[in-house]
$ cat final-v4.txt   # compact mmCIF, C-alpha atoms and all ligand atoms
# COMPACT_ATOMS: atom_id res chain seq x y z
CA GLN L 1 16.34 24.47 1.73
CA ASN L 2 19.69 22.99 0.76
CA GLY L 3 19.24 20.20 3.26
CA GLY L 4 15.94 19.42 1.60
CA LEU L 5 17.45 19.13 -1.83
CA LYS L 6 20.29 17.01 -0.55
CA ASN L 7 17.91 14.65 1.20
CA MET L 8 15.62 14.47 -1.75
CA LYS L 9 18.35 13.11 -3.96
CA LYS L 10 19.18 10.39 -1.51
CA VAL L 11 15.64 9.22 -1.22
CA SER L 12 15.08 8.68 -4.92
CA PHE L 13 15.27 5.29 -6.54
CA PRO L 14 18.78 3.83 -6.42
CA LEU L 15 20.45 3.39 -9.75
CA ASN L 16 23.28 1.15 -8.63
CA LEU L 17 21.43 -1.81 -7.27
CA LYS L 18 23.30 -4.16 -5.02
CA SER L 19 21.04 -7.15 -4.62
CA THR L 20 21.88 -10.22 -6.66
CA GLU L 21 18.36 -11.46 -6.02
CA ASN L 22 16.99 -9.03 -8.55
CA ILE L 23 19.48 -9.01 -11.35
CA GLU L 24 16.62 -8.52 -13.77
CA ILE L 25 15.57 -5.18 -12.34
CA ASN L 26 19.22 -4.22 -12.13
CA ARG L 27 19.78 -4.96 -15.79
CA ARG L 28 16.66 -3.11 -16.83
CA ILE L 29 17.44 -0.04 -14.81
CA LYS L 30 20.91 0.18 -16.31
CA ASN L 31 19.33 0.16 -19.73
CA VAL L 32 16.96 2.95 -18.94
CA SER L 33 17.87 5.82 -21.16
CA LYS L 34 15.40 8.30 -19.86
CA ILE L 35 13.42 9.10 -16.77
CA VAL L 36 10.50 11.44 -17.28
CA ASP L 37 8.92 13.66 -14.68
CA PHE L 38 5.32 12.94 -13.76
CA VAL L 39 2.62 15.09 -15.34
CA PHE L 40 -1.00 15.15 -14.25
CA GLU L 41 -3.60 13.79 -16.65
CA THR L 42 -5.52 16.55 -18.34
CA SER L 43 -8.94 14.97 -17.86
CA SER L 44 -10.79 16.06 -14.75
CA ARG L 45 -12.68 12.80 -14.30
CA ILE L 46 -12.86 11.25 -10.85
CA ARG L 47 -13.12 7.47 -10.54
CA VAL L 48 -14.71 6.06 -7.41
CA ARG L 49 -12.92 3.16 -5.76
CA PRO L 50 -15.64 1.02 -4.14
CA ALA L 51 -15.67 -1.04 -0.94
CA ILE L 52 -14.90 -4.67 -1.68
CA GLN L 53 -18.21 -5.90 -0.22
CA ASN L 54 -20.10 -3.72 -2.69
CA ILE L 55 -18.47 -4.56 -5.98
CA THR L 56 -20.37 -6.27 -8.77
CA THR L 57 -19.62 -9.70 -10.18
CA GLN L 58 -18.72 -8.03 -13.45
CA HIS L 59 -16.19 -5.83 -11.68
CA ILE L 60 -14.66 -8.87 -9.94
CA GLU L 61 -14.31 -10.61 -13.30
CA LYS L 62 -12.56 -7.56 -14.75
CA TYR L 63 -10.19 -7.45 -11.81
CA LYS L 64 -9.34 -11.14 -12.27
CA GLU L 65 -8.80 -10.66 -15.98
CA ALA L 66 -6.56 -7.63 -15.44
CA ILE L 67 -4.40 -9.49 -12.90
CA ARG L 68 -4.35 -12.57 -15.15
CA ARG L 69 -2.94 -10.43 -17.97
CA MET L 70 -0.46 -8.74 -15.66
CA LYS L 71 0.79 -12.15 -14.51
CA ALA L 72 1.04 -13.29 -18.14
CA LEU L 73 3.42 -10.48 -19.15
CA ASP L 74 7.06 -11.39 -19.63
CA SER L 75 8.67 -11.38 -16.20
CA ASN L 76 11.22 -8.84 -17.46
CA ASP L 77 8.47 -6.39 -18.28
CA PRO L 78 8.33 -3.84 -15.44
CA ARG L 79 4.53 -3.89 -15.70
CA SER L 80 4.40 -7.62 -14.97
CA PHE L 81 3.00 -8.77 -11.67
CA ALA L 82 6.37 -10.23 -10.66
CA GLN L 83 8.15 -6.93 -11.31
CA GLN L 84 5.44 -4.94 -9.51
CA ALA L 85 6.15 -7.01 -6.42
CA LEU L 86 9.90 -6.41 -6.87
CA ILE L 87 9.39 -2.66 -7.14
CA HIS L 88 7.70 -2.67 -3.74
CA GLY L 89 10.53 -4.87 -2.48
CA ALA L 90 13.12 -2.50 -3.91
CA TYR L 91 11.92 0.25 -1.60
CA CYS L 92 11.88 -2.17 1.32
CA ASP L 93 15.48 -2.22 2.43
CA LYS L 94 16.91 -4.35 -0.37
CA TYR L 95 18.74 -1.58 -2.17
CA SER L 96 21.02 1.26 -1.21
CA PRO L 97 21.06 4.77 -2.59
CA ALA L 98 23.95 5.41 -5.00
CA ASP L 99 25.66 7.83 -2.68
CA LEU L 100 25.07 5.90 0.56
CA PRO L 101 25.81 2.26 -0.17
CA SER L 102 25.77 1.28 3.48
CA MET L 103 22.23 2.44 4.07
CA PRO L 104 19.40 0.42 2.58
CA LEU L 105 16.37 2.39 1.42
CA GLU L 106 13.28 1.76 3.50
CA ILE L 107 9.99 3.52 2.93
CA HIS L 108 8.22 1.84 5.83
CA ASN L 109 8.23 3.03 9.44
CA SER L 110 8.36 6.73 8.62
CA TRP L 111 6.37 9.50 6.96
CA LEU L 112 7.33 8.11 3.53
CA PHE L 113 4.97 5.18 4.10
CA LEU L 114 1.62 6.72 3.09
CA PRO L 115 2.73 8.72 0.03
CA PHE L 116 4.97 5.95 -1.33
CA HIS L 117 2.10 3.47 -1.34
CA ARG L 118 -0.34 6.00 -2.79
CA TRP L 119 1.94 6.42 -5.79
CA PHE L 120 2.61 2.72 -6.07
CA LEU L 121 -1.14 1.99 -6.24
CA TYR L 122 -1.71 4.82 -8.68
CA PHE L 123 0.64 3.26 -11.23
CA HIS L 124 -0.40 -0.31 -10.50
CA GLU L 125 -4.05 0.53 -11.12
CA LYS L 126 -3.20 2.47 -14.28
CA ILE L 127 -1.29 -0.53 -15.66
CA LEU L 128 -4.25 -2.83 -14.93
CA ARG L 129 -6.54 -0.35 -16.67
CA SER L 130 -4.41 -0.36 -19.79
CA LEU L 131 -4.07 -4.16 -19.82
CA ILE L 132 -7.83 -4.62 -20.08
CA GLU L 133 -8.31 -1.41 -22.07
CA ASP L 134 -10.91 -0.21 -19.63
CA ASP L 135 -10.37 3.36 -18.57
CA ASP L 136 -12.98 3.09 -15.81
CA PHE L 137 -11.35 0.22 -13.97
CA VAL L 138 -10.52 0.77 -10.30
CA ILE L 139 -9.25 -1.51 -7.54
CA PRO L 140 -11.70 -1.90 -4.63
CA PHE L 141 -10.67 -1.19 -1.04
CA TRP L 142 -10.72 -3.99 1.53
CA ASN L 143 -13.07 -2.37 4.01
CA TYR L 144 -11.86 -4.42 7.02
CA ASP L 145 -12.68 -1.55 9.34
CA ASP L 146 -16.33 -2.48 8.77
CA PRO L 147 -17.84 -5.77 10.01
CA ALA L 148 -19.07 -6.38 6.45
CA SER L 149 -15.48 -7.06 5.36
CA MET L 150 -13.71 -8.30 8.48
CA THR L 151 -12.91 -11.65 6.85
CA LEU L 152 -10.77 -12.73 3.90
CA PRO L 153 -12.74 -11.48 0.86
CA SER L 154 -14.04 -14.55 -0.97
CA MET L 155 -12.89 -13.29 -4.38
CA PHE L 156 -9.31 -13.79 -3.16
CA ASP L 157 -10.03 -17.27 -1.86
CA GLU L 158 -10.58 -19.30 -5.04
CA PRO L 159 -7.51 -21.46 -5.74
CA THR L 160 -7.90 -21.25 -9.52
CA SER L 161 -8.26 -17.45 -9.58
CA PRO L 162 -5.39 -15.10 -10.46
CA LEU L 163 -6.26 -13.30 -7.20
CA TYR L 164 -5.31 -16.35 -5.16
CA ASP L 165 -2.03 -16.83 -3.34
CA PRO L 166 -1.24 -20.16 -1.68
CA LEU L 167 1.13 -18.49 0.80
CA ARG L 168 -1.54 -17.27 3.19
CA ASN L 169 -2.77 -18.04 6.65
CA GLU L 170 -4.85 -21.21 6.23
CA GLU L 171 -7.10 -20.23 9.10
CA LEU L 172 -8.62 -17.43 7.05
CA ARG L 173 -9.75 -19.74 4.23
CA GLY L 174 -13.47 -20.05 3.75
CA SER L 175 -14.07 -16.39 4.60
CA THR L 176 -15.69 -17.07 7.97
CA LYS L 177 -12.86 -16.44 10.41
CA LEU L 178 -12.91 -12.86 11.63
CA LEU L 179 -9.77 -10.76 11.46
CA ASP L 180 -8.70 -9.86 14.97
CA PHE L 181 -6.78 -6.63 15.48
CA ARG L 182 -5.20 -7.66 18.78
CA GLN L 183 -1.50 -8.23 19.28
CA ASN L 184 -1.95 -11.88 20.30
CA PRO L 185 -5.27 -12.94 18.83
CA ASN L 186 -4.59 -16.60 19.55
CA ASP L 187 -3.88 -16.21 23.23
CA PRO L 188 -6.09 -18.95 24.75
CA GLU L 189 -6.46 -16.89 27.93
CA HIS L 190 -8.26 -14.16 26.05
CA ARG L 191 -10.73 -15.73 23.72
CA LEU L 192 -13.33 -13.36 22.33
CA THR L 193 -16.71 -14.10 20.82
CA ASP L 194 -17.30 -12.80 17.29
CA VAL L 195 -19.34 -9.91 18.63
CA GLU L 196 -16.56 -8.98 21.04
CA THR L 197 -13.94 -9.26 18.30
CA ILE L 198 -15.89 -6.85 16.10
CA GLN L 199 -16.33 -4.40 18.98
CA ASN L 200 -12.65 -4.62 19.80
CA ASN L 201 -11.60 -4.11 16.18
CA LEU L 202 -13.76 -0.99 15.95
CA GLN L 203 -12.17 0.30 19.13
CA VAL L 204 -8.70 -0.32 17.73
CA MET L 205 -9.70 1.64 14.61
CA LYS L 206 -10.92 4.59 16.61
CA LEU L 207 -7.88 4.51 18.84
CA GLN L 208 -5.49 4.50 15.86
CA MET L 209 -7.39 6.99 13.71
CA VAL L 210 -8.42 9.47 16.40
CA THR L 211 -6.86 9.05 19.84
CA HIS L 212 -3.38 8.16 18.57
CA SER L 213 -3.52 10.50 15.58
CA LYS L 214 -3.86 13.92 17.10
CA THR L 215 -0.95 15.39 15.16
CA SER L 216 0.44 14.78 11.73
CA ARG L 217 3.62 13.38 13.32
CA MET L 218 1.47 10.80 15.14
CA PHE L 219 -0.52 9.88 12.06
CA PHE L 220 2.23 9.85 9.42
CA GLY L 221 5.14 8.69 11.53
CA GLY L 222 8.53 10.30 12.04
CA LYS L 223 10.68 12.10 9.48
CA TYR L 224 12.76 9.93 7.22
CA ASN L 225 16.37 10.55 8.07
CA PRO L 226 18.54 9.63 5.09
CA ASP L 227 21.70 10.30 7.09
CA SER L 228 20.87 7.73 9.72
CA LEU L 229 22.53 4.36 9.39
CA LEU L 230 19.68 2.77 11.31
CA LYS L 231 16.48 1.58 9.72
CA PRO L 232 13.61 4.01 10.30
CA ASP L 233 11.63 3.01 13.34
CA THR L 234 8.92 5.61 13.79
CA PRO L 235 5.78 4.28 12.10
CA GLY L 236 2.61 6.35 12.20
CA SER L 237 -0.48 5.14 14.01
CA CYS L 238 -2.28 3.79 10.99
CA GLU L 239 0.83 2.04 9.70
CA ARG L 240 1.12 0.19 13.01
CA ALA L 241 -2.56 -0.79 13.07
CA PRO L 242 -4.51 -1.81 11.17
CA HIS L 243 -1.81 -1.91 8.45
CA ASN L 244 0.80 -4.13 10.11
CA PHE L 245 -1.87 -6.30 11.72
CA ILE L 246 -3.40 -7.15 8.36
CA HIS L 247 0.02 -8.09 6.96
CA ASN L 248 0.73 -10.39 9.88
CA LEU L 249 -2.74 -11.90 9.91
CA VAL L 250 -2.78 -12.72 6.20
CA GLY L 251 0.77 -14.06 5.86
CA SER L 252 1.18 -17.82 6.04
CA LYS L 253 1.91 -19.36 9.44
CA LEU L 254 3.89 -22.13 7.75
CA THR L 255 6.55 -20.08 5.93
CA PRO L 256 9.70 -19.08 7.86
CA LYS L 257 8.96 -15.35 7.85
CA GLY L 258 5.24 -15.18 7.25
CA GLN L 259 5.52 -14.90 3.45
CA ASP L 260 3.91 -13.57 1.46
CA MET L 261 1.97 -10.83 3.26
CA GLY L 262 3.76 -11.15 6.59
CA LEU L 263 7.13 -10.09 5.21
CA LEU L 264 7.37 -6.64 3.65
CA TYR L 265 9.77 -7.76 0.97
CA THR L 266 7.38 -10.43 -0.38
CA ALA L 267 4.05 -8.84 0.55
CA ALA L 268 3.23 -7.44 -2.90
CA ARG L 269 3.45 -10.95 -4.41
CA ASP L 270 0.01 -11.52 -2.94
CA PRO L 271 -2.69 -9.75 -5.00
CA ILE L 272 -4.54 -8.99 -1.77
CA PHE L 273 -1.74 -6.55 -0.91
CA TYR L 274 -3.18 -3.97 -3.31
CA THR L 275 -6.74 -4.01 -1.99
CA HIS L 276 -5.33 -3.86 1.56
CA HIS L 277 -3.32 -0.77 0.66
CA MET L 278 -6.32 0.83 -1.03
CA ASN L 279 -7.94 0.81 2.38
CA VAL L 280 -4.85 2.23 4.07
CA ASP L 281 -4.88 4.99 1.46
CA ARG L 282 -8.57 5.57 2.11
CA LEU L 283 -7.89 5.85 5.85
CA TRP L 284 -5.49 8.70 5.05
CA THR L 285 -8.27 10.53 3.20
CA LEU L 286 -10.69 9.87 6.08
CA TRP L 287 -8.23 11.15 8.67
CA LYS L 288 -7.89 14.41 6.78
CA ASP L 289 -11.67 14.79 6.72
CA LEU L 290 -12.04 14.14 10.45
CA SER L 291 -10.73 17.51 11.57
CA SER L 292 -9.46 20.73 10.05
CA GLU L 293 -6.40 20.25 12.28
CA ASN L 294 -5.46 17.10 10.41
CA LYS L 295 -2.97 18.18 7.79
CA ASP L 296 -0.29 16.60 5.64
CA PRO L 297 3.27 17.43 6.69
CA HIS L 298 4.49 20.59 4.95
CA ASP L 299 8.27 20.25 5.39
CA SER L 300 10.10 20.50 2.10
CA ASP L 301 11.99 17.28 2.84
CA PHE L 302 8.62 15.55 2.72
CA LEU L 303 7.11 17.42 -0.21
CA GLU L 304 10.17 17.19 -2.44
CA THR L 305 10.98 13.53 -1.83
CA SER L 306 10.83 11.63 -5.10
CA PHE L 307 10.25 8.02 -6.10
CA LEU L 308 10.50 6.25 -9.43
CA PHE L 309 7.79 4.03 -10.87
CA TYR L 310 7.07 2.50 -14.25
CA ASP L 311 3.89 3.72 -15.87
CA GLU L 312 1.50 1.78 -18.11
CA LYS L 313 3.86 2.29 -21.06
CA ALA L 314 6.77 0.90 -19.06
CA GLN L 315 8.21 4.41 -18.93
CA LEU L 316 10.22 5.12 -15.78
CA THR L 317 8.61 8.15 -14.17
CA ARG L 318 9.79 10.37 -11.32
CA VAL L 319 7.07 11.48 -8.91
CA LYS L 320 7.19 13.78 -5.93
CA ILE L 321 5.24 13.46 -2.73
CA LYS L 322 3.81 16.95 -3.13
CA ASP L 323 1.95 15.80 -6.25
CA CYS L 324 0.02 13.01 -4.53
CA LEU L 325 -1.52 14.88 -1.64
CA ASN L 326 -4.81 15.54 -3.39
CA PRO L 327 -6.46 12.31 -4.62
CA SER L 328 -8.88 14.14 -6.90
CA ALA L 329 -5.93 15.59 -8.81
CA LEU L 330 -4.89 11.97 -9.36
CA GLY L 331 -8.39 11.18 -10.60
CA TYR L 332 -9.91 9.12 -7.80
CA ARG L 333 -11.85 9.16 -4.58
CA TYR L 334 -13.25 6.50 -2.26
CA ASP L 335 -16.88 5.55 -2.06
CA ASN L 336 -18.56 6.82 1.10
CA VAL L 337 -19.49 3.90 3.29
CA PRO L 338 -20.62 4.03 6.94
CA ILE L 339 -17.73 4.43 9.38
CA LEU L 340 -18.79 2.43 12.40
CA TRP L 341 -15.65 3.04 14.43
CA LEU L 342 -16.20 6.78 14.52
CA ASN L 343 -18.91 6.40 17.15
CA LYS L 344 -16.96 4.06 19.33
CA THR L 345 -16.10 5.53 22.70
CA ARG L 346 -12.86 4.76 24.42
CU1 LIG L 401 4.85 -1.51 1.74
CU2 LIG L 401 1.80 -2.81 3.53
O1 LIG L 401 3.62 -2.46 2.89

$ encode --input "final-v4.txt" --output "structure tokens" --more "lines below"
Ligand code: C2O
Amino acid sequence: QNGGLKNMKKVSFPLNLKSTENIEINRRIKNVSKIVDFVFETSSRIRVRPAIQNITTQHIEKYKEAIRRMKALDSNDPRSFAQQALIHGAYCDKYSPADLPSMPLEIHNSWLFLPFHRWFLYFHEKILRSLIEDDDFVIPFWNYDDPASMTLPSMFDEPTSPLYDPLRNEELRGSTKLLDFRQNPNDPEHRLTDVETIQNNLQVMKLQMVTHSKTSRMFFGGKYNPDSLLKPDTPGSCERAPHNFIHNLVGSKLTPKGQDMGLLYTAARDPIFYTHHMNVDRLWTLWKDLSSENKDPHDSDFLETSFLFYDEKAQLTRVKIKDCLNPSALGYRYDNVPILWLNKTR
């Protein structure tokens, strides 16, 4: 119990930031007079996040407008698009906890991965909602586990749109090139036809979601060890693939480290990051529905871990993992679409 409390403190957002790259965040955090604890909304409404291939033109226009407004906010405003990207970066090994300056915080590659991103998306979506004053607004999920969305979604591919990012893999432009979930998709020795690529992607999905996810340790990844001086290196199955694959596929091939999407620190500068993570979050909900054996970790170190995010009023808010485990309590669910990989045999 004590160990849990000790660990929990170390995993929360660092207040003495070290990076000079983000002096702005540093300055803002120092000025924060108050952190409030998260409270659930009282309304019991459930919003349905749709698959990206099914959203209406009107919905796309709203999404563009919301991101346009987010990008137009002062870059010091923690709700601005630039600061949203920095908040993701802050949890990606750029900062050290106050009491452990030698160990950078890293929420990837361990069981913190899924809940951290669920919370991040929750606040990001809420901010977008408030910017367009539309309480129904939701971000769609990039349903790349279905052939209907195994290409770059065209709404992200218009150079004049706020959803566009020039730092992306050129090959995906035009929304015809299929995503390929293999380690070395460009290996000339192993060219696949489109039909074969789709079949292979579905097999990868089944492998990651079922075969390699028999236990919660396998699905979520290893425990986060705040006492370790090494970066966590135990990603769960769905973090490894499709999650990491999508990052590497979408990141530019011309930037030194695959920016934006191919480098965790810059990934959230690309608006496509958020629809990608909606799908990762959806895969978590699907995994839990696949079997009654599939359960969230119940260790108190996991449940009591806290993160800090800014809400739609730019109020710094402390959340705990235990409060995000039930999406309907957070007011959303994912639209039911066919899951083609479930019937794949391997
Ligand atoms: Cu925080 Cu997909 O990365």

$ residues_around --input "final-v4.txt" --residues "Thr151 in chain L" --least-positions-apart "6" --cutoff "10 Å" --atoms "all atoms listed in the file" --output "count of residues only"
12

$ atom_distance --input "final-v4.txt" --atom1 "CA of Thr317 in chain L" --atom2 "CA of Pro226 in chain L"
21.7 Å

$ residues_around --input "final-v4.txt" --residues "Glu196 in chain L" --least-positions-apart "2" --cutoff "12 Å" --atoms "all atoms listed in the file" --output "PDB file with C-alpha atoms, in the coordinates of the input"
ATOM      1  CA  PRO L 147     -17.840  -5.770  10.010  1.00  0.00           C
ATOM      2  CA  LEU L 178     -12.910 -12.860  11.630  1.00  0.00           C
ATOM      3  CA  LEU L 179      -9.770 -10.760  11.460  1.00  0.00           C
ATOM      4  CA  ASP L 180      -8.700  -9.860  14.970  1.00  0.00           C
ATOM      5  CA  PHE L 181      -6.780  -6.630  15.480  1.00  0.00           C
ATOM      6  CA  ARG L 182      -5.200  -7.660  18.780  1.00  0.00           C
ATOM      7  CA  HIS L 190      -8.260 -14.160  26.050  1.00  0.00           C
ATOM      8  CA  ARG L 191     -10.730 -15.730  23.720  1.00  0.00           C
ATOM      9  CA  LEU L 192     -13.330 -13.360  22.330  1.00  0.00           C
ATOM     10  CA  THR L 193     -16.710 -14.100  20.820  1.00  0.00           C
ATOM     11  CA  ASP L 194     -17.300 -12.800  17.290  1.00  0.00           C
ATOM     12  CA  ILE L 198     -15.890  -6.850  16.100  1.00  0.00           C
ATOM     13  CA  GLN L 199     -16.330  -4.400  18.980  1.00  0.00           C
ATOM     14  CA  ASN L 200     -12.650  -4.620  19.800  1.00  0.00           C
ATOM     15  CA  ASN L 201     -11.600  -4.110  16.180  1.00  0.00           C
ATOM     16  CA  LEU L 202     -13.760  -0.990  15.950  1.00  0.00           C
ATOM     17  CA  GLN L 203     -12.170   0.300  19.130  1.00  0.00           C
TER      18      GLN L 203
END

$ closest_residue --input "final-v4.txt" --among "L:Tyr91, L:Trp111, L:Tyr63, L:Phe219" --to "ligand LIG 401 (chain L)" --atoms "all atoms listed in the file"
L:Tyr91

$ residues_near_ligand --input "final-v4.txt" --ligand "ligand LIG 401 (chain L)" --cutoff "7 Å" --atoms "all atoms listed in the file" --output "number ranges by chain"
L: 88, 108, 117, 243-244, 247, 264, 267, 273, 277

$ atom_distance --input "final-v4.txt" --atom1 "CA of Asp227 in chain L" --atom2 "CA of Ala90 in chain L"
18.9 Å

$ closest_residue --input "final-v4.txt" --among "L:Leu230, L:Leu290, L:Ile52, L:Ile339" --to "Thr211 in chain L" --atoms "all atoms listed in the file"
L:Leu290

$ atom_distance --input "final-v4.txt" --atom1 "CA of Phe220 in chain L" --atom2 "CA of Asp37 in chain L"
25.3 Å

$ closest_residue --input "final-v4.txt" --among "L:Ala85, L:Leu286, L:Met155, L:Leu263" --to "Met209 in chain L" --atoms "only C-alpha atoms"
L:Leu286

$ residues_near_point --input "final-v4.txt" --point "(-2.6, 0.1, -12.0)" --cutoff "10 Å" --atoms "all atoms listed in the file" --output "VMD selection string"
chain L and resid 66 to 67 70 79 84 119 to 131 137 to 139 274 311 to 312

$ write_last_selection --input "final-v4.txt" --atoms "C-alpha atoms" --output "PDB file, in the frame of the given file"
ATOM      1  CA  ALA L  66      -6.560  -7.630 -15.440  1.00  0.00           C
ATOM      2  CA  ILE L  67      -4.400  -9.490 -12.900  1.00  0.00           C
ATOM      3  CA  MET L  70      -0.460  -8.740 -15.660  1.00  0.00           C
ATOM      4  CA  ARG L  79       4.530  -3.890 -15.700  1.00  0.00           C
ATOM      5  CA  GLN L  84       5.440  -4.940  -9.510  1.00  0.00           C
ATOM      6  CA  TRP L 119       1.940   6.420  -5.790  1.00  0.00           C
ATOM      7  CA  PHE L 120       2.610   2.720  -6.070  1.00  0.00           C
ATOM      8  CA  LEU L 121      -1.140   1.990  -6.240  1.00  0.00           C
ATOM      9  CA  TYR L 122      -1.710   4.820  -8.680  1.00  0.00           C
ATOM     10  CA  PHE L 123       0.640   3.260 -11.230  1.00  0.00           C
ATOM     11  CA  HIS L 124      -0.400  -0.310 -10.500  1.00  0.00           C
ATOM     12  CA  GLU L 125      -4.050   0.530 -11.120  1.00  0.00           C
ATOM     13  CA  LYS L 126      -3.200   2.470 -14.280  1.00  0.00           C
ATOM     14  CA  ILE L 127      -1.290  -0.530 -15.660  1.00  0.00           C
ATOM     15  CA  LEU L 128      -4.250  -2.830 -14.930  1.00  0.00           C
ATOM     16  CA  ARG L 129      -6.540  -0.350 -16.670  1.00  0.00           C
ATOM     17  CA  SER L 130      -4.410  -0.360 -19.790  1.00  0.00           C
ATOM     18  CA  LEU L 131      -4.070  -4.160 -19.820  1.00  0.00           C
ATOM     19  CA  PHE L 137     -11.350   0.220 -13.970  1.00  0.00           C
ATOM     20  CA  VAL L 138     -10.520   0.770 -10.300  1.00  0.00           C
ATOM     21  CA  ILE L 139      -9.250  -1.510  -7.540  1.00  0.00           C
ATOM     22  CA  TYR L 274      -3.180  -3.970  -3.310  1.00  0.00           C
ATOM     23  CA  ASP L 311       3.890   3.720 -15.870  1.00  0.00           C
ATOM     24  CA  GLU L 312       1.500   1.780 -18.110  1.00  0.00           C
TER      25      GLU L 312
END

$ closest_residue --input "final-v4.txt" --among "L:Ser328, L:Ser228, L:Asn248, L:Ser154" --to "Pro185 in chain L" --atoms "all atoms listed in the file"
L:Asn248

$ closest_residue --input "final-v4.txt" --among "L:Lys64, L:Ser44, L:Leu303, L:Leu167" --to "Leu249 in chain L" --atoms "all atoms listed in the file"
L:Leu167

$ closest_residue --input "final-v4.txt" --among "L:Asp323, L:Glu304, L:Asp281, L:Glu171" --to "Glu239 in chain L" --atoms "all atoms listed in the file"
L:Asp281

$ residues_around --input "final-v4.txt" --residues "range 293-299 of chain L" --least-positions-apart "3" --cutoff "8 Å" --atoms "all atoms listed in the file" --output "PyMOL selection string"
chain L and resi 214-217+287-290+302-303+325

$ residues_around --input "final-v4.txt" --residues "Leu86 in chain L" --least-positions-apart "4" --cutoff "9 Å" --atoms "only C-alpha atoms" --output "tab-separated table (two decimals) with C-alpha atoms, keeping the file's coordinate frame"
chain	number	residue	atom	x	y	z
L	22	ASN	CA	16.99	-9.03	-8.55
L	25	ILE	CA	15.57	-5.18	-12.34
L	81	PHE	CA	3.00	-8.77	-11.67
L	82	ALA	CA	6.37	-10.23	-10.66
L	90	ALA	CA	13.12	-2.50	-3.91
L	91	TYR	CA	11.92	0.25	-1.60
L	265	TYR	CA	9.77	-7.76	0.97
L	266	THR	CA	7.38	-10.43	-0.38
L	268	ALA	CA	3.23	-7.44	-2.90
L	269	ARG	CA	3.45	-10.95	-4.41

$ residues_around --input "final-v4.txt" --residues "Arg240 in chain L" --least-positions-apart "4" --cutoff "9 Å" --atoms "all atoms listed in the file" --output "compact mmCIF listing (two decimals) with C-alpha atoms, keeping the file's coordinate frame"
# COMPACT_ATOMS: atom_id res chain seq x y z
CA ASN L 109 8.23 3.03 9.44
CA GLN L 208 -5.49 4.50 15.86
CA PRO L 235 5.78 4.28 12.10
CA GLY L 236 2.61 6.35 12.20
CA ASN L 244 0.80 -4.13 10.11
CA PHE L 245 -1.87 -6.30 11.72
